[in-house]
Amino acid sequence: MKLNSELPVCKYNTPKPIVDVIAKHVPKNIITLLDPAVGEGSLIYPFIRRNLANIKKVVCIDIEQAALIKVQNQYRALLGESLELFHNDFIQWSSPLSKLESYFDCIVMNPPFCGRNDVLIKINMQDESSETTISYKHVPIEIAFIIRAIRLLKPFGKLFAVLPSSLVTSERMIWVRKFMIKMGAVLYVYEFPRYSFKRVEGRTYLLIFKKSTKHNNIVVTNKDSQASSRILINRSELTNNYRFDYAFQSAYRRYNKLIESSPYLKWEKVDNLLQIYRGSVKSPLNGKLAIHTSNFKGYHWQISSDEDQYTTDYSMRGIQNGDLLVKRVGRNCSQSIGLALNLQGIACTDCVFVLRPKKTKWSISILLALRIIANSTIGSKLIERGIGAKYIAAKSLLNLMIPIGVYESNPQCFRNYSYAVKKIMIESMLSIENKIRKNSKLYL
Ligand SMILES: C[S@@+](CC[C@H](N)C(=O)[O-])C[C@H]1O[C@@H](n2cnc3c(N)ncnc32)[C@H](O)[C@@H]1O
């Protein structure tokens, strides 16, 4: 495993509300403790306080000498020779030949996470775990910290890790979440509000993991307010997305209850109703135009210049009669589902998804059912992913259940809706959608 020399160093101290939650979970009888990115040492304090009588070794690592001097000043008198400080890059310090494998009772860390996808670390999972074949992965630094920390923990040892939302929510990191569950149990996931770290827009998470053990439930807690709320997720409920975040799991539960209580709305999986194609033109555009996210203006999809200026695409990825379009990326992308009126044969950029109903005549009923869900708070949580820059994963959209029967239960409204869609009467569309939501008791 190699550390890229351009790796940015992030050094915000761990915010107090996160340290307070960690303090509540500190185990007793810790003999060996590690903080691999110790900073000023605020995370080790509750562990030392609780275990002062028995702790034998506290290993602290930081890439910055100045941080270690502060830790030295604060803890040397208390810990004496038990405190070991290493001015090093943790990833190199813990290289696969490290003698400290399966050594620590507890590891607490708030590793650097700068959210840059261009600076990745190459690891071979064969060196890191019991995998039998060579398997190279390029991972952000916080993921390299996680994988290494798990290796350094004793069986039944505990890891406390402060992490960005990518590990907990993103599709790309499902393999890491599965790896954690294979190597032990994720006991708790705390979700902290956006900007818990001053300059981090996304939410921050605290994961508590125990090695070499199996637990049926993960306790997922939201810490947005003093009165935090929590839910238990059974491992069998993780299904294929392995999401550990409260925001998604609570929305998903409420949504499933709604589906169970309204079978008359004929809930149908989007996968059964339409196919998704990603636009064929690589963005950003050069030369000729193609339908891009900026073509969703005034709540509908339109072209501002002459049709001749647009690239044509008569393949499956170009627009056909009856297609719906949605922004694949961008803020509130889930709220951009609209009918592609008079845009047949035009190409889309790869920032746009073309949603093709399996039968053209279903277009408007699918549009209605999709928009009723997607333009709601729960819907956006179920469909959108990402931190600041949101995006839609085709798989999440295809797995979504939508109330395709709403048009049958509201026949007059649906006739008016079809008219409003075809005549691009946006306000009428929105007000009919709201009325149907109310009539159908879809409080989302
Ligand atoms: C978010 S801070 C940790 C703050 C600490 N928990 C506290 O509350 O004081 C991250 C720390 O990781 C250190 N760091 C960054 N890259 C590192 C690396 N590759 N190895 C070890 N430490 C690193 C930074 O110098 C910084 O002190």
# chains A, B, ... in the order shown; residues from 1 in each chain; ligands from 1
call {"tool": "residues_near_ligand", "arguments": {"ligand": "ligand 1", "cutoff": "7 Å", "atoms": "only C-alpha atoms and all ligand atoms", "output": "list in words"}}
result
Val9, Cys10, Lys11, Tyr12, Asn13, Thr14, Pro15, Pro36, Ala37, Val38, Gly39, Glu40, Gly41, Ser42, Leu43, Ile61, Asp62, Ile63, Glu64, Ala67, Asn88, Asp89, Phe90, Ile91, Met109, Asn110, Pro111 and Pro112 of chain A
call {"tool": "select_by_dssp", "arguments": {"residues": "range 116-146 of chain A", "states": "alpha helix (DSSP H)", "output": "NGL selection string"}}
result
:A and (125-128 or 141-146)
call {"tool": "atom_distance", "arguments": {"atom1": "CA of Arg371 in chain A", "atom2": "CA of Ser294 in chain A"}}
result
19.2 Å
call {"tool": "residues_around", "arguments": {"residues": "Ala185 in chain A", "least_positions_apart": "5", "cutoff": "8 Å", "atoms": "only C-alpha atoms", "output": "list of chain:residue names"}}
result
A:Met180, A:Phe209, A:Lys210, A:Lys211, A:Ser212, A:Thr213, A:Lys214, A:His215
call {"tool": "closest_residue", "arguments": {"among": "A:Glu171, A:Asp224, A:Asp105, A:Asp245", "to": "Phe156 in chain A", "atoms": "only C-alpha atoms"}}
result
A:Asp105
call {"tool": "residues_around", "arguments": {"residues": "Asn321 in chain A", "least_positions_apart": "4", "cutoff": "10 Å", "atoms": "only C-alpha atoms", "output": "list of chain:residue names"}}
result
A:Leu339, A:Ala340, A:Leu341, A:Asn342, A:Leu343, A:Gln344, A:Gly345, A:Arg356, A:Pro357, A:Thr360, A:Ser363
call {"tool": "write_last_selection", "arguments": {"atoms": "C-alpha atoms", "output": "mmCIF file, in the first residue's frame"}}
result
data_model
loop_
_atom_site.group_PDB
_atom_site.id
_atom_site.type_symbol
_atom_site.label_atom_id
_atom_site.label_comp_id
_atom_site.auth_asym_id
_atom_site.auth_seq_id
_atom_site.Cartn_x
_atom_site.Cartn_y
_atom_site.Cartn_z
ATOM 1 C CA LEU A 339 -41.929 14.316 -20.162
ATOM 2 C CA ALA A 340 -39.630 14.871 -23.172
ATOM 3 C CA LEU A 341 -42.111 16.706 -25.367
ATOM 4 C CA ASN A 342 -41.105 17.312 -29.020
ATOM 5 C CA LEU A 343 -37.519 16.248 -28.397
ATOM 6 C CA GLN A 344 -37.480 12.953 -30.338
ATOM 7 C CA GLY A 345 -34.191 11.986 -31.963
ATOM 8 C CA ARG A 356 -38.313 4.768 -21.417
ATOM 9 C CA PRO A 357 -41.715 3.322 -20.423
ATOM 10 C CA THR A 360 -45.572 4.365 -24.664
ATOM 11 C CA SER A 363 -45.904 7.545 -20.067
#
call {"tool": "residues_around", "arguments": {"residues": "Asn439 in chain A", "least_positions_apart": "6", "cutoff": "12 Å", "atoms": "only C-alpha atoms", "output": "tab-separated table (two decimals) with C-alpha atoms, in the first residue's frame"}}
result
chain	number	residue	atom	x	y	z
A	265	LEU	CA	-52.60	2.13	-5.11
A	406	VAL	CA	-53.11	6.59	-8.47
A	407	TYR	CA	-54.36	7.45	-11.93
A	409	SER	CA	-58.26	6.03	-8.23
A	410	ASN	CA	-58.35	9.67	-9.39
A	411	PRO	CA	-59.79	9.45	-12.95
A	413	CYS	CA	-57.73	14.45	-11.86
A	432	ILE	CA	-53.04	18.24	-9.31
A	433	GLU	CA	-50.09	16.22	-7.98
call {"tool": "residues_around", "arguments": {"residues": "Arg243 in chain A", "least_positions_apart": "3", "cutoff": "7 Å", "atoms": "only C-alpha atoms", "output": "list of chain:residue names"}}
result
A:Val168, A:Thr169, A:Leu238
call {"tool": "write_last_selection", "arguments": {"atoms": "C-alpha atoms", "output": "mmCIF file, in the first residue's frame"}}
result
data_model
loop_
_atom_site.group_PDB
_atom_site.id
_atom_site.type_symbol
_atom_site.label_atom_id
_atom_site.label_comp_id
_atom_site.auth_asym_id
_atom_site.auth_seq_id
_atom_site.Cartn_x
_atom_site.Cartn_y
_atom_site.Cartn_z
ATOM 1 C CA VAL A 168 -21.909 4.856 5.132
ATOM 2 C CA THR A 169 -24.101 5.662 2.128
ATOM 3 C CA LEU A 238 -29.611 -4.503 4.767
#
call {"tool": "select_by_dssp", "arguments": {"residues": "range 5-152 of chain A", "states": "strand (DSSP E)", "output": "PyMOL selection string"}}
result
chain A and resi 32-35+57-62+83-87+104-109+121-124+136-139
call {"tool": "write_last_selection", "arguments": {"atoms": "N, CA and C atoms", "output": "PDB file, in the first residue's frame"}}
result
ATOM      1  N   THR A  32      -4.524  -2.215  25.561  1.00  0.00           N
ATOM      2  CA  THR A  32      -3.789  -1.591  24.444  1.00  0.00           C
ATOM      3  C   THR A  32      -4.743  -0.727  23.622  1.00  0.00           C
ATOM      4  N   LEU A  33      -4.323   0.527  23.415  1.00  0.00           N
ATOM      5  CA  LEU A  33      -5.176   1.493  22.698  1.00  0.00           C
ATOM      6  C   LEU A  33      -4.361   2.152  21.591  1.00  0.00           C
ATOM      7  N   LEU A  34      -5.015   2.400  20.441  1.00  0.00           N
ATOM      8  CA  LEU A  34      -4.335   3.083  19.324  1.00  0.00           C
ATOM      9  C   LEU A  34      -5.208   4.215  18.813  1.00  0.00           C
ATOM     10  N   ASP A  35      -4.588   5.391  18.586  1.00  0.00           N
ATOM     11  CA  ASP A  35      -5.226   6.439  17.784  1.00  0.00           C
ATOM     12  C   ASP A  35      -4.263   6.741  16.638  1.00  0.00           C
ATOM     13  N   LYS A  57      -0.513   0.195  27.161  1.00  0.00           N
ATOM     14  CA  LYS A  57       0.117   0.806  25.989  1.00  0.00           C
ATOM     15  C   LYS A  57      -0.883   1.693  25.251  1.00  0.00           C
ATOM     16  N   VAL A  58      -0.499   2.967  25.045  1.00  0.00           N
ATOM     17  CA  VAL A  58      -1.326   3.884  24.266  1.00  0.00           C
ATOM     18  C   VAL A  58      -0.455   4.367  23.104  1.00  0.00           C
ATOM     19  N   VAL A  59      -0.790   3.889  21.900  1.00  0.00           N
ATOM     20  CA  VAL A  59       0.022   4.248  20.735  1.00  0.00           C
ATOM     21  C   VAL A  59      -0.677   5.376  19.976  1.00  0.00           C
ATOM     22  N   CYS A  60       0.042   6.475  19.772  1.00  0.00           N
ATOM     23  CA  CYS A  60      -0.534   7.623  19.064  1.00  0.00           C
ATOM     24  C   CYS A  60       0.339   7.941  17.859  1.00  0.00           C
ATOM     25  N   ILE A  61      -0.307   8.109  16.721  1.00  0.00           N
ATOM     26  CA  ILE A  61       0.433   8.389  15.486  1.00  0.00           C
ATOM     27  C   ILE A  61      -0.118   9.666  14.892  1.00  0.00           C
ATOM     28  N   ASP A  62       0.747  10.469  14.313  1.00  0.00           N
ATOM     29  CA  ASP A  62       0.273  11.604  13.514  1.00  0.00           C
ATOM     30  C   ASP A  62       1.367  11.981  12.525  1.00  0.00           C
ATOM     31  N   LEU A  83       2.847   5.529  27.085  1.00  0.00           N
ATOM     32  CA  LEU A  83       2.506   6.351  25.913  1.00  0.00           C
ATOM     33  C   LEU A  83       3.602   6.219  24.861  1.00  0.00           C
ATOM     34  N   GLU A  84       3.243   5.787  23.657  1.00  0.00           N
ATOM     35  CA  GLU A  84       4.224   5.682  22.564  1.00  0.00           C
ATOM     36  C   GLU A  84       3.775   6.576  21.425  1.00  0.00           C
ATOM     37  N   LEU A  85       4.646   7.492  21.007  1.00  0.00           N
ATOM     38  CA  LEU A  85       4.276   8.455  19.962  1.00  0.00           C
ATOM     39  C   LEU A  85       5.070   8.165  18.693  1.00  0.00           C
ATOM     40  N   PHE A  86       4.385   8.182  17.570  1.00  0.00           N
ATOM     41  CA  PHE A  86       5.074   7.962  16.291  1.00  0.00           C
ATOM     42  C   PHE A  86       4.744   9.090  15.332  1.00  0.00           C
ATOM     43  N   HIS A  87       5.798   9.782  14.911  1.00  0.00           N
ATOM     44  CA  HIS A  87       5.614  10.823  13.904  1.00  0.00           C
ATOM     45  C   HIS A  87       5.719  10.117  12.553  1.00  0.00           C
ATOM     46  N   PHE A 104      -4.432  -4.640  19.201  1.00  0.00           N
ATOM     47  CA  PHE A 104      -5.077  -3.617  20.029  1.00  0.00           C
ATOM     48  C   PHE A 104      -6.466  -4.047  20.518  1.00  0.00           C
ATOM     49  N   ASP A 105      -6.724  -3.723  21.782  1.00  0.00           N
ATOM     50  CA  ASP A 105      -8.073  -3.946  22.338  1.00  0.00           C
ATOM     51  C   ASP A 105      -9.040  -2.933  21.749  1.00  0.00           C
ATOM     52  N   CYS A 106      -8.520  -1.767  21.484  1.00  0.00           N
ATOM     53  CA  CYS A 106      -9.396  -0.682  21.053  1.00  0.00           C
ATOM     54  C   CYS A 106      -8.646   0.265  20.121  1.00  0.00           C
ATOM     55  N   ILE A 107      -9.323   0.715  19.087  1.00  0.00           N
ATOM     56  CA  ILE A 107      -8.751   1.740  18.205  1.00  0.00           C
ATOM     57  C   ILE A 107      -9.790   2.841  18.079  1.00  0.00           C
ATOM     58  N   VAL A 108      -9.349   4.075  18.307  1.00  0.00           N
ATOM     59  CA  VAL A 108     -10.272   5.197  18.136  1.00  0.00           C
ATOM     60  C   VAL A 108      -9.637   6.126  17.118  1.00  0.00           C
ATOM     61  N   MET A 109     -10.436   6.600  16.171  1.00  0.00           N
ATOM     62  CA  MET A 109      -9.806   7.445  15.141  1.00  0.00           C
ATOM     63  C   MET A 109     -10.784   8.375  14.457  1.00  0.00           C
ATOM     64  N   ILE A 121      -5.507   5.615  -2.640  1.00  0.00           N
ATOM     65  CA  ILE A 121      -4.425   4.741  -2.198  1.00  0.00           C
ATOM     66  C   ILE A 121      -4.689   3.340  -2.748  1.00  0.00           C
ATOM     67  N   LYS A 122      -3.626   2.744  -3.274  1.00  0.00           N
ATOM     68  CA  LYS A 122      -3.789   1.407  -3.852  1.00  0.00           C
ATOM     69  C   LYS A 122      -3.541   0.357  -2.772  1.00  0.00           C
ATOM     70  N   ILE A 123      -4.517  -0.506  -2.564  1.00  0.00           N
ATOM     71  CA  ILE A 123      -4.311  -1.578  -1.577  1.00  0.00           C
ATOM     72  C   ILE A 123      -4.604  -2.927  -2.227  1.00  0.00           C
ATOM     73  N   ASN A 124      -3.971  -3.930  -1.688  1.00  0.00           N
ATOM     74  CA  ASN A 124      -4.247  -5.283  -2.150  1.00  0.00           C
ATOM     75  C   ASN A 124      -4.983  -5.999  -1.020  1.00  0.00           C
ATOM     76  N   TYR A 136      -6.775  -5.784  -6.114  1.00  0.00           N
ATOM     77  CA  TYR A 136      -6.354  -4.394  -5.905  1.00  0.00           C
ATOM     78  C   TYR A 136      -7.560  -3.470  -5.850  1.00  0.00           C
ATOM     79  N   LYS A 137      -7.519  -2.540  -4.923  1.00  0.00           N
ATOM     80  CA  LYS A 137      -8.565  -1.518  -4.825  1.00  0.00           C
ATOM     81  C   LYS A 137      -7.878  -0.168  -4.681  1.00  0.00           C
ATOM     82  N   HIS A 138      -8.490   0.862  -5.259  1.00  0.00           N
ATOM     83  CA  HIS A 138      -7.994   2.225  -5.071  1.00  0.00           C
ATOM     84  C   HIS A 138      -8.983   2.916  -4.151  1.00  0.00           C
ATOM     85  N   VAL A 139      -8.536   3.286  -2.967  1.00  0.00           N
ATOM     86  CA  VAL A 139      -9.499   3.760  -1.963  1.00  0.00           C
ATOM     87  C   VAL A 139      -9.106   5.128  -1.406  1.00  0.00           C
TER      88      VAL A 139
END
call {"tool": "closest_residue", "arguments": {"among": "A:Asp308, A:Glu81, A:Glu191, A:Asp127", "to": "Tyr246 in chain A", "atoms": "only C-alpha atoms"}}
result
A:Glu191
call {"tool": "residues_around", "arguments": {"residues": "Leu79 in chain A", "least_positions_apart": "5", "cutoff": "12 Å", "atoms": "only C-alpha atoms", "output": "PyMOL selection string"}}
result
chain A and resi 44-45+48-49+51-59+71-74+84-85
call {"tool": "write_last_selection", "arguments": {"atoms": "C-alpha atoms", "output": "compact mmCIF listing (two decimals), in the first residue's frame"}}
result
# COMPACT_ATOMS: atom_id res chain seq x y z
CA ILE A 44 -8.05 9.16 23.59
CA TYR A 45 -8.96 11.08 26.73
CA ILE A 48 -7.58 6.71 29.29
CA ARG A 49 -9.79 8.17 32.02
CA ASN A 51 -8.99 2.56 31.99
CA LEU A 52 -6.14 4.32 33.78
CA ALA A 53 -5.67 1.49 36.25
CA ASN A 54 -5.08 -1.25 33.66
CA ILE A 55 -3.95 0.41 30.43
CA LYS A 56 -0.42 -0.71 29.41
CA LYS A 57 0.12 0.81 25.99
CA VAL A 58 -1.33 3.88 24.27
CA VAL A 59 0.02 4.25 20.73
CA VAL A 71 -0.17 14.96 23.06
CA GLN A 72 3.20 14.49 24.75
CA ASN A 73 2.66 17.58 26.94
CA GLN A 74 -0.84 16.53 27.87
CA GLU A 84 4.22 5.68 22.56
CA LEU A 85 4.28 8.46 19.96
call {"tool": "atom_distance", "arguments": {"atom1": "CA of Gly338 in chain A", "atom2": "CA of Lys282 in chain A"}}
result
21.6 Å
